[in-house]
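As stored in final-v8.pdb (PDB, C-alpha atoms and all ligand atoms):
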```pdb
ATOM      1  CA  MET A   1     185.200 -58.250  30.687
ATOM      2  CA  ILE A   2     185.405 -60.013  27.339
ATOM      3  CA  ASP A   3     187.030 -63.451  27.184
ATOM      4  CA  PRO A   4     190.827 -63.540  26.844
ATOM      5  CA  PHE A   5     192.131 -62.868  23.342
ATOM      6  CA  GLY A   6     193.728 -66.327  23.025
ATOM      7  CA  ALA A   7     190.416 -68.060  23.767
ATOM      8  CA  ARG A   8     188.498 -65.831  21.330
ATOM      9  CA  LEU A   9     191.133 -66.384  18.652
ATOM     10  CA  ARG A  10     191.061 -70.169  19.129
ATOM     11  CA  LYS A  11     187.272 -70.130  18.652
ATOM     12  CA  ASN A  12     187.462 -67.979  15.512
ATOM     13  CA  LEU A  13     190.275 -70.070  13.994
ATOM     14  CA  ASP A  14     188.362 -73.294  14.592
ATOM     15  CA  ARG A  15     185.119 -71.832  13.192
ATOM     16  CA  LEU A  16     186.343 -69.717  10.283
ATOM     17  CA  GLY A  17     189.767 -71.055   9.296
ATOM     18  CA  PRO A  18     193.306 -69.742   9.701
ATOM     19  CA  LEU A  19     193.431 -66.808   7.264
ATOM     20  CA  CYS A  20     194.299 -63.372   8.618
ATOM     21  CA  ALA A  21     193.221 -60.848   5.989
ATOM     22  CA  GLY A  22     195.556 -57.862   5.721
ATOM     23  CA  LEU A  23     193.958 -54.454   5.262
ATOM     24  CA  ASP A  24     196.729 -52.392   3.657
ATOM     25  CA  PRO A  25     195.351 -49.449   1.687
ATOM     26  CA  HIS A  26     198.600 -48.738  -0.222
ATOM     27  CA  ALA A  27     198.519 -45.726  -2.574
ATOM     28  CA  ALA A  28     199.210 -48.192  -5.420
ATOM     29  CA  LEU A  29     196.212 -50.342  -4.478
ATOM     30  CA  LEU A  30     193.916 -47.314  -4.267
ATOM     31  CA  GLU A  31     195.033 -46.484  -7.806
ATOM     32  CA  ALA A  32     194.511 -50.075  -8.981
ATOM     33  CA  TRP A  33     190.985 -49.925  -7.552
ATOM     34  CA  GLU A  34     190.483 -46.599  -9.407
ATOM     35  CA  LEU A  35     190.054 -44.755  -6.130
ATOM     36  CA  PRO A  36     191.573 -41.358  -5.347
ATOM     37  CA  ASP A  37     194.477 -41.265  -2.890
ATOM     38  CA  THR A  38     192.367 -39.249  -0.454
ATOM     39  CA  VAL A  39     190.461 -39.879   2.762
ATOM     40  CA  ASP A  40     187.359 -40.593   0.675
ATOM     41  CA  GLY A  41     189.273 -43.192  -1.374
ATOM     42  CA  LEU A  42     190.682 -44.686   1.820
ATOM     43  CA  GLU A  43     187.214 -44.971   3.349
ATOM     44  CA  ARG A  44     185.756 -46.663   0.245
ATOM     45  CA  PHE A  45     188.690 -49.085   0.095
ATOM     46  CA  ALA A  46     188.527 -49.975   3.801
ATOM     47  CA  MET A  47     184.744 -50.373   3.853
ATOM     48  CA  THR A  48     184.793 -52.552   0.724
ATOM     49  CA  VAL A  49     187.233 -54.908   2.447
ATOM     50  CA  VAL A  50     185.077 -54.847   5.579
ATOM     51  CA  GLU A  51     181.979 -55.708   3.533
ATOM     52  CA  ALA A  52     183.836 -58.554   1.827
ATOM     53  CA  VAL A  53     185.407 -60.277   4.827
ATOM     54  CA  ALA A  54     183.690 -59.203   8.077
ATOM     55  CA  GLY A  55     182.261 -62.289   9.774
ATOM     56  CA  ARG A  56     183.932 -64.583   7.177
ATOM     57  CA  VAL A  57     187.558 -64.576   8.320
ATOM     58  CA  ALA A  58     188.907 -65.070  11.828
ATOM     59  CA  VAL A  59     191.082 -61.971  11.928
ATOM     60  CA  VAL A  60     191.673 -58.791   9.923
ATOM     61  CA  LYS A  61     195.025 -57.023  10.259
ATOM     62  CA  PRO A  62     194.867 -53.340   9.295
ATOM     63  CA  GLN A  63     198.277 -51.770   8.647
ATOM     64  CA  SER A  64     198.172 -48.548  10.676
ATOM     65  CA  ALA A  65     200.749 -46.764   8.467
ATOM     66  CA  PHE A  66     198.386 -46.624   5.499
ATOM     67  CA  PHE A  67     195.713 -44.928   7.621
ATOM     68  CA  GLU A  68     198.166 -42.636   9.449
ATOM     69  CA  ARG A  69     199.447 -41.254   6.125
ATOM     70  CA  HIS A  70     196.042 -39.574   5.698
ATOM     71  CA  GLY A  71     196.331 -37.753   9.054
ATOM     72  CA  SER A  72     193.638 -37.563  11.696
ATOM     73  CA  ALA A  73     190.876 -38.179   9.131
ATOM     74  CA  GLY A  74     192.674 -41.413   8.177
ATOM     75  CA  ILE A  75     192.711 -42.504  11.811
ATOM     76  CA  ALA A  76     188.974 -41.805  11.950
ATOM     77  CA  VAL A  77     188.513 -44.187   8.983
ATOM     78  CA  LEU A  78     190.572 -46.783  10.843
ATOM     79  CA  GLU A  79     188.317 -46.348  13.884
ATOM     80  CA  ARG A  80     185.198 -46.927  11.789
ATOM     81  CA  ALA A  81     186.709 -49.999  10.108
ATOM     82  CA  ILE A  82     187.697 -51.435  13.495
ATOM     83  CA  GLY A  83     184.163 -50.894  14.818
ATOM     84  CA  ALA A  84     182.510 -52.475  11.769
ATOM     85  CA  LEU A  85     184.759 -55.553  11.852
ATOM     86  CA  ARG A  86     184.415 -56.125  15.589
ATOM     87  CA  ALA A  87     180.626 -55.744  15.350
ATOM     88  CA  GLU A  88     180.613 -58.822  13.049
ATOM     89  CA  GLY A  89     182.780 -60.891  15.413
ATOM     90  CA  THR A  90     185.941 -60.495  13.345
ATOM     91  CA  LEU A  91     188.994 -59.992  15.531
ATOM     92  CA  VAL A  92     191.084 -56.941  14.707
ATOM     93  CA  LEU A  93     194.855 -57.186  14.991
ATOM     94  CA  LEU A  94     196.271 -53.716  14.411
ATOM     95  CA  ASP A  95     199.747 -53.803  12.892
ATOM     96  CA  VAL A  96     201.405 -50.766  14.558
ATOM     97  CA  LYS A  97     204.697 -52.317  15.748
ATOM     98  CA  ARG A  98     205.047 -50.038  18.739
ATOM     99  CA  GLY A  99     208.253 -50.199  20.787
ATOM    100  CA  ASP A 100     209.549 -47.672  23.348
ATOM    101  CA  ILE A 101     210.503 -47.353  26.996
ATOM    102  CA  GLY A 102     207.959 -48.833  29.401
ATOM    103  CA  THR A 103     206.325 -45.562  30.491
ATOM    104  CA  THR A 104     205.668 -44.583  26.872
ATOM    105  CA  MET A 105     204.480 -48.093  26.049
ATOM    106  CA  GLN A 106     201.769 -47.507  28.666
ATOM    107  CA  GLY A 107     200.529 -44.636  26.495
ATOM    108  CA  TYR A 108     200.309 -46.906  23.449
ATOM    109  CA  ALA A 109     198.584 -49.552  25.565
ATOM    110  CA  ASP A 110     196.029 -46.958  26.709
ATOM    111  CA  ALA A 111     195.399 -46.014  23.066
ATOM    112  CA  TYR A 112     194.856 -49.500  21.640
ATOM    113  CA  LEU A 113     194.373 -52.013  24.435
ATOM    114  CA  ASN A 114     192.054 -50.290  26.894
ATOM    115  CA  GLU A 115     188.433 -51.229  26.264
ATOM    116  CA  LYS A 116     187.414 -47.612  26.887
ATOM    117  CA  SER A 117     189.514 -46.271  24.008
ATOM    118  CA  SER A 118     187.833 -45.497  20.665
ATOM    119  CA  LEU A 119     190.812 -47.244  19.011
ATOM    120  CA  PHE A 120     190.488 -50.405  21.113
ATOM    121  CA  VAL A 121     191.436 -53.488  19.126
ATOM    122  CA  ASP A 122     191.715 -57.175  19.933
ATOM    123  CA  ALA A 123     195.501 -57.203  19.574
ATOM    124  CA  ILE A 124     198.451 -55.144  18.339
ATOM    125  CA  THR A 125     201.958 -55.861  17.102
ATOM    126  CA  VAL A 126     204.840 -54.644  19.290
ATOM    127  CA  SER A 127     208.601 -54.463  18.919
ATOM    128  CA  PRO A 128     210.732 -55.901  21.752
ATOM    129  CA  TYR A 129     214.000 -54.298  20.657
ATOM    130  CA  LEU A 130     214.130 -51.936  23.640
ATOM    131  CA  GLY A 131     214.204 -55.135  25.720
ATOM    132  CA  PHE A 132     211.363 -57.553  26.369
ATOM    133  CA  GLY A 133     210.783 -55.984  29.816
ATOM    134  CA  SER A 134     209.848 -52.681  28.146
ATOM    135  CA  LEU A 135     206.695 -54.452  26.906
ATOM    136  CA  ARG A 136     205.470 -55.186  30.460
ATOM    137  CA  PRO A 137     202.871 -52.356  30.629
ATOM    138  CA  THR A 138     201.551 -53.313  27.200
ATOM    139  CA  ILE A 139     201.209 -56.990  28.042
ATOM    140  CA  ASP A 140     199.616 -56.258  31.428
ATOM    141  CA  THR A 141     197.113 -53.798  29.943
ATOM    142  CA  ALA A 142     196.279 -56.219  27.123
ATOM    143  CA  LEU A 143     195.625 -59.111  29.489
ATOM    144  CA  ALA A 144     193.562 -56.928  31.851
ATOM    145  CA  ASN A 145     191.307 -55.966  28.899
ATOM    146  CA  GLY A 146     190.941 -59.362  27.209
ATOM    147  CA  ALA A 147     193.298 -58.290  24.410
ATOM    148  CA  GLY A 148     196.529 -59.700  23.005
ATOM    149  CA  VAL A 149     199.939 -58.642  21.725
ATOM    150  CA  PHE A 150     202.124 -60.060  18.973
ATOM    151  CA  VAL A 151     205.839 -59.612  19.596
ATOM    152  CA  LEU A 152     208.217 -59.357  16.619
ATOM    153  CA  ALA A 153     210.362 -62.485  16.879
ATOM    154  CA  LEU A 154     211.615 -63.115  13.331
ATOM    155  CA  THR A 155     210.121 -60.796  10.753
ATOM    156  CA  SER A 156     209.605 -61.543   7.076
ATOM    157  CA  ASN A 157     211.974 -58.912   5.624
ATOM    158  CA  PRO A 158     215.419 -59.980   4.379
ATOM    159  CA  GLU A 159     217.192 -57.469   6.694
ATOM    160  CA  ALA A 160     215.751 -59.047   9.855
ATOM    161  CA  PRO A 161     218.365 -61.751  10.654
ATOM    162  CA  GLU A 162     221.128 -59.143  11.233
ATOM    163  CA  VAL A 163     219.341 -58.164  14.455
ATOM    164  CA  GLN A 164     216.898 -60.954  15.215
ATOM    165  CA  GLN A 165     219.226 -63.917  14.617
ATOM    166  CA  ALA A 166     222.170 -62.282  16.427
ATOM    167  CA  ARG A 167     223.386 -64.243  19.474
ATOM    168  CA  THR A 168     222.728 -63.187  23.042
ATOM    169  CA  PRO A 169     225.549 -63.653  25.625
ATOM    170  CA  ASP A 170     224.105 -67.075  26.594
ATOM    171  CA  GLY A 171     224.356 -68.300  22.986
ATOM    172  CA  ARG A 172     220.667 -68.187  22.058
ATOM    173  CA  THR A 173     219.483 -66.167  19.101
ATOM    174  CA  VAL A 174     217.547 -62.988  19.885
ATOM    175  CA  THR A 175     214.551 -64.714  18.274
ATOM    176  CA  GLY A 176     215.023 -67.706  20.603
ATOM    177  CA  ALA A 177     215.236 -65.434  23.647
ATOM    178  CA  MET A 178     211.995 -63.672  22.631
ATOM    179  CA  LEU A 179     210.220 -67.003  22.065
ATOM    180  CA  ALA A 180     211.328 -68.155  25.526
ATOM    181  CA  HIS A 181     209.783 -65.003  27.048
ATOM    182  CA  LEU A 182     206.535 -65.714  25.198
ATOM    183  CA  ALA A 183     206.446 -69.317  26.389
ATOM    184  CA  ALA A 184     206.831 -68.062  29.974
ATOM    185  CA  GLU A 185     204.014 -65.500  29.525
ATOM    186  CA  ASN A 186     201.643 -68.165  28.160
ATOM    187  CA  ALA A 187     202.579 -71.014  30.512
ATOM    188  CA  GLY A 188     199.554 -72.945  31.763
ATOM    189  CA  VAL A 189     197.013 -70.874  29.802
ATOM    190  CA  SER A 190     194.263 -72.827  28.071
ATOM    191  CA  PRO A 191     193.171 -73.135  25.299
ATOM    192  CA  LEU A 192     195.741 -70.629  23.941
ATOM    193  CA  GLY A 193     197.796 -67.814  25.423
ATOM    194  CA  SER A 194     197.249 -64.197  24.387
ATOM    195  CA  VAL A 195     200.902 -63.242  23.905
ATOM    196  CA  GLY A 196     201.871 -64.190  20.367
ATOM    197  CA  ALA A 197     204.894 -64.026  18.103
ATOM    198  CA  VAL A 198     205.370 -62.543  14.637
ATOM    199  CA  VAL A 199     207.323 -64.984  12.481
ATOM    200  CA  GLY A 200     207.526 -64.255   8.765
ATOM    201  CA  ALA A 201     206.134 -66.794   6.312
ATOM    202  CA  THR A 202     209.370 -66.297   4.382
ATOM    203  CA  VAL A 203     211.956 -67.315   7.000
ATOM    204  CA  GLY A 204     212.396 -71.007   6.111
ATOM    205  CA  SER A 205     213.685 -73.608   8.536
ATOM    206  CA  THR A 206     215.481 -72.032  11.533
ATOM    207  CA  GLY A 207     215.622 -74.639  14.289
ATOM    208  CA  GLU A 208     213.803 -72.215  16.650
ATOM    209  CA  ASP A 209     211.271 -73.638  19.102
ATOM    210  CA  PHE A 210     207.865 -72.151  18.264
ATOM    211  CA  ALA A 211     205.970 -74.087  20.966
ATOM    212  CA  VAL A 212     205.094 -70.948  22.942
ATOM    213  CA  ASN A 213     201.453 -71.862  23.640
ATOM    214  CA  GLY A 214     200.481 -68.657  21.865
ATOM    215  CA  PRO A 215     199.417 -67.545  18.401
ATOM    216  CA  LEU A 216     202.026 -67.268  15.646
ATOM    217  CA  LEU A 217     201.293 -64.517  13.137
ATOM    218  CA  ALA A 218     202.949 -65.362   9.816
ATOM    219  CA  PRO A 219     202.925 -62.330   7.498
ATOM    220  CA  GLY A 220     204.629 -62.409   4.113
ATOM    221  CA  MET A 221     202.346 -64.867   2.317
ATOM    222  CA  GLY A 222     201.919 -64.295  -1.402
ATOM    223  CA  ALA A 223     203.541 -61.004  -2.450
ATOM    224  CA  GLN A 224     206.656 -61.623  -0.311
ATOM    225  CA  GLY A 225     206.964 -65.248  -1.396
ATOM    226  CA  GLY A 226     205.540 -67.173   1.580
ATOM    227  CA  THR A 227     203.481 -70.278   0.742
ATOM    228  CA  ALA A 228     201.138 -72.572   2.644
ATOM    229  CA  GLU A 229     203.547 -75.511   2.206
ATOM    230  CA  GLY A 230     206.443 -73.346   3.439
ATOM    231  CA  LEU A 231     204.653 -72.891   6.778
ATOM    232  CA  ARG A 232     205.221 -76.571   7.576
ATOM    233  CA  GLU A 233     208.945 -76.173   7.051
ATOM    234  CA  ILE A 234     209.045 -73.110   9.324
ATOM    235  CA  PHE A 235     206.853 -74.280  12.191
ATOM    236  CA  GLY A 236     207.120 -78.089  12.105
ATOM    237  CA  THR A 237     203.945 -79.993  12.924
ATOM    238  CA  ASP A 238     203.340 -79.227  16.624
ATOM    239  CA  ALA A 239     202.834 -75.462  16.423
ATOM    240  CA  LEU A 240     200.970 -75.439  13.084
ATOM    241  CA  ARG A 241     197.538 -75.285  14.726
ATOM    242  CA  ASN A 242     198.415 -71.924  16.250
ATOM    243  CA  VAL A 243     199.663 -70.330  13.033
ATOM    244  CA  LEU A 244     197.797 -67.332  11.639
ATOM    245  CA  PRO A 245     199.035 -66.777   8.075
ATOM    246  CA  SER A 246     198.504 -63.221   6.912
ATOM    247  CA  THR A 247     198.273 -61.870   3.411
ATOM    248  CA  SER A 248     197.516 -58.353   2.234
ATOM    249  CA  ARG A 249     198.416 -57.565  -1.413
ATOM    250  CA  GLU A 250     197.693 -61.121  -2.599
ATOM    251  CA  LEU A 251     194.112 -60.769  -1.345
ATOM    252  CA  LEU A 252     193.536 -57.068  -1.952
ATOM    253  CA  SER A 253     194.642 -57.174  -5.568
ATOM    254  CA  ALA A 254     191.440 -59.188  -6.223
ATOM    255  CA  GLY A 255     189.392 -56.016  -5.501
ATOM    256  CA  PRO A 256     187.494 -53.803  -5.850
ATOM    257  CA  SER A 257     184.768 -56.401  -6.472
ATOM    258  CA  VAL A 258     183.348 -57.589  -3.144
ATOM    259  CA  GLU A 259     182.534 -60.965  -4.694
ATOM    260  CA  ALA A 260     186.077 -61.398  -6.032
ATOM    261  CA  LEU A 261     187.568 -60.426  -2.651
ATOM    262  CA  ARG A 262     185.271 -62.914  -0.927
ATOM    263  CA  SER A 263     186.059 -65.797  -3.239
ATOM    264  CA  THR A 264     189.808 -65.088  -3.034
ATOM    265  CA  ALA A 265     189.618 -65.010   0.777
ATOM    266  CA  ASP A 266     187.623 -68.264   0.759
ATOM    267  CA  SER A 267     190.056 -70.067  -1.504
ATOM    268  CA  LEU A 268     193.122 -68.826   0.426
ATOM    269  CA  ASN A 269     191.456 -69.961   3.650
ATOM    270  CA  ASP A 270     190.666 -73.398   2.180
ATOM    271  CA  SER A 271     194.180 -74.023   0.923
ATOM    272  CA  LEU A 272     195.708 -72.847   4.222
ATOM    273  CA  ALA A 273     193.325 -75.018   6.243
ATOM    274  CA  THR A 274     194.393 -78.074   4.233
ATOM    275  CA  VAL A 275     198.022 -77.548   5.206
ATOM    276  CA  LEU A 276     197.573 -76.290   8.773
ATOM    277  CA  ARG A 277     194.928 -78.657  10.157
TER     278      ARG A 277
HETATM  279  O1  LIG A 301     207.379 -59.569   9.613
HETATM  280  C1  LIG A 301     206.488 -58.834   9.181
HETATM  281  C2  LIG A 301     205.626 -58.153  10.013
HETATM  282  C3  LIG A 301     204.612 -57.428   9.456
HETATM  283  N1  LIG A 301     204.452 -57.347   8.123
HETATM  284  C4  LIG A 301     203.301 -56.568   7.610
HETATM  285  O2  LIG A 301     202.386 -57.457   6.991
HETATM  286  C5  LIG A 301     201.887 -56.886   5.780
HETATM  287  C6  LIG A 301     202.379 -57.700   4.607
HETATM  288  O3  LIG A 301     201.785 -57.253   3.418
HETATM  289  P1  LIG A 301     201.811 -58.150   2.057
HETATM  290  O4  LIG A 301     201.156 -57.264   1.067
HETATM  291  O5  LIG A 301     201.034 -59.408   2.330
HETATM  292  O6  LIG A 301     203.240 -58.403   1.753
HETATM  293  C7  LIG A 301     202.382 -55.445   5.764
HETATM  294  O7  LIG A 301     201.420 -54.646   6.433
HETATM  295  C8  LIG A 301     203.649 -55.493   6.594
HETATM  296  O8  LIG A 301     203.956 -54.275   7.225
HETATM  297  C9  LIG A 301     205.291 -58.023   7.306
HETATM  298  O9  LIG A 301     205.188 -57.997   6.065
HETATM  299  N2  LIG A 301     206.299 -58.763   7.859
END
```
Show this structure as structure tokens.
Ligand SMILES: O=c1ccn([C@@H]2O[C@H](COP(=O)(O)O)[C@@H](O)[C@H]2O)c(=O)[nH]1
Amino acid sequence: MIDPFGARLRKNLDRLGPLCAGLDPHAALLEAWELPDTVDGLERFAMTVVEAVAGRVAVVKPQSAFFERHGSAGIAVLERAIGALRAEGTLVLLDVKRGDIGTTMQGYADAYLNEKSSLFVDAITVSPYLGFGSLRPTIDTALANGAGVFVLALTSNPEAPEVQQARTPDGRTVTGAMLAHLAAENAGVSPLGSVGAVVGATVGSTGEDFAVNGPLLAPGMGAQGGTAEGLREIFGTDALRNVLPSTSRELLSAGPSVEALRSTADSLNDSLATVLR
């Protein structure tokens, strides 16, 4: 079996820097790149990003929705992009935000987190809002296959606090309760646990404890207003080393030139490394 996701991520972060490159083939970006909004356009977009960043960034995060909207042929493009990225040692974190009852979550785990699946990725995003326990099959399957999961804890969108900062009966926020579950999942794991949190780069100071011994995906950089300096305010100093800032439109709008995508990724990575290390 491959090494645990947390260990592979730690290695990639230390070697290549903290940037997680988002792969979001929005219809508007296809148009900006003068590509048709078709499966052919999707394939050219995805493979251009792969050519630009594979082996140069620690993690790529494809947004499943923008592949799914092209039907089964779009999923086939996603499969090829996943294969090409993983072949270059780039970890693939598929942003699918799955959340359902446990038995159905096993189906999603079989699709994305079983090494034998053609859609196997290094990690996926999951939603815990059917109860953290509903994620058990997903977490168990991920760990058994050297993969990881990222649990939505405090997302970057302005509507999130209504649900995620609500108080549980014991007075903690829902976010705090999720972070406590993650800390328990990752307890004693070295160098880094494989059960991460999603915490938006836009959320500001919250007083939450992000020391979960797991990776902290921070989407919302750039287009949504998140900044490298803002990450310090959100995570404090202790957890910063485990933060994986993610940006999609900010990076992708540099395309379609491979060179321009590369130099944008490099400069984002450099400025993030200065703040996070
Ligand atoms: O809290 C969250 C969780 C996930 N996302 C996803 O990340 C990208 C953000 O794209 P940008 O272009 O960098 O804004 C997108 O796929 C979201 O679905 C998020 O934004 N916030």
Enclosing box along x, y and z for every listed atom of ligand LIG 301 (chain A), padded 4 Å each side, centre and size in Å, one decimal, as AutoDock Vina command-line options:
```
--center_x 204.2 --center_y -56.9 --center_z 5.5 --size_x 14.3 --size_y 13.3 --size_z 16.9
```
Counting all atoms listed in the file, the option among A:Arg232, A:Arg98, A:Arg167, A:Arg86 closest to ligand LIG 301 (chain A):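 Closest to ligand LIG 301 (chain A) of all the choices is A:Arg98.
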Atomic distance CA of Gly214 (chain A) - CA of Asp95 (chain A), expressed in Å with one decimal: 17.4 Å
Neighbour list for Gly6 (chain A) as a VMD selection string, cut-off 7 Å, only C-alpha atoms, skip fewer than 2 positions in-chain: chain A and resid 4 8 to 10 192 to 194
Write a file of the just-selected residues containing C-alpha atoms, as a PDB file, in the coordinates of the input.
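Writing the result to result-v4.pdb gives the following:
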```pdb
ATOM      1  CA  PRO A   4     190.827 -63.540  26.844  1.00  0.00           C
ATOM      2  CA  ARG A   8     188.498 -65.831  21.330  1.00  0.00           C
ATOM      3  CA  LEU A   9     191.133 -66.384  18.652  1.00  0.00           C
ATOM      4  CA  ARG A  10     191.061 -70.169  19.129  1.00  0.00           C
ATOM      5  CA  LEU A 192     195.741 -70.629  23.941  1.00  0.00           C
ATOM      6  CA  GLY A 193     197.796 -67.814  25.423  1.00  0.00           C
ATOM      7  CA  SER A 194     197.249 -64.197  24.387  1.00  0.00           C
TER       8      SER A 194
END
```
Explicit residue set for the PyMOL selection byres (((not hetatm)) within 6 of (chain A and resi 301)), as number ranges by chain: A: 24, 63, 155-156, 200, 219-221, 223-224, 247-249
Between CA of Leu93 (chain A) and CA of Ala166 (chain A), distance in Å (one decimal): 27.8 Å
Expansion of the PyMOL selection byres (((chain A and resi 30) around 12) and not hetatm) into residues, as a count of residues only: 30
Point-to-point distance from CA of Thr173 (chain A) to CA of Ala201 (chain A), Å rounded to tenths: 18.5 Å
Nearest to Met178 (chain A), chosen from A:Ala7, A:Leu130, A:Leu85, A:Ala21, with all atoms listed in the file counted in the distances: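 Using all atoms listed in the file, the shortest distance to Met178 (chain A) belongs to A:Leu130.
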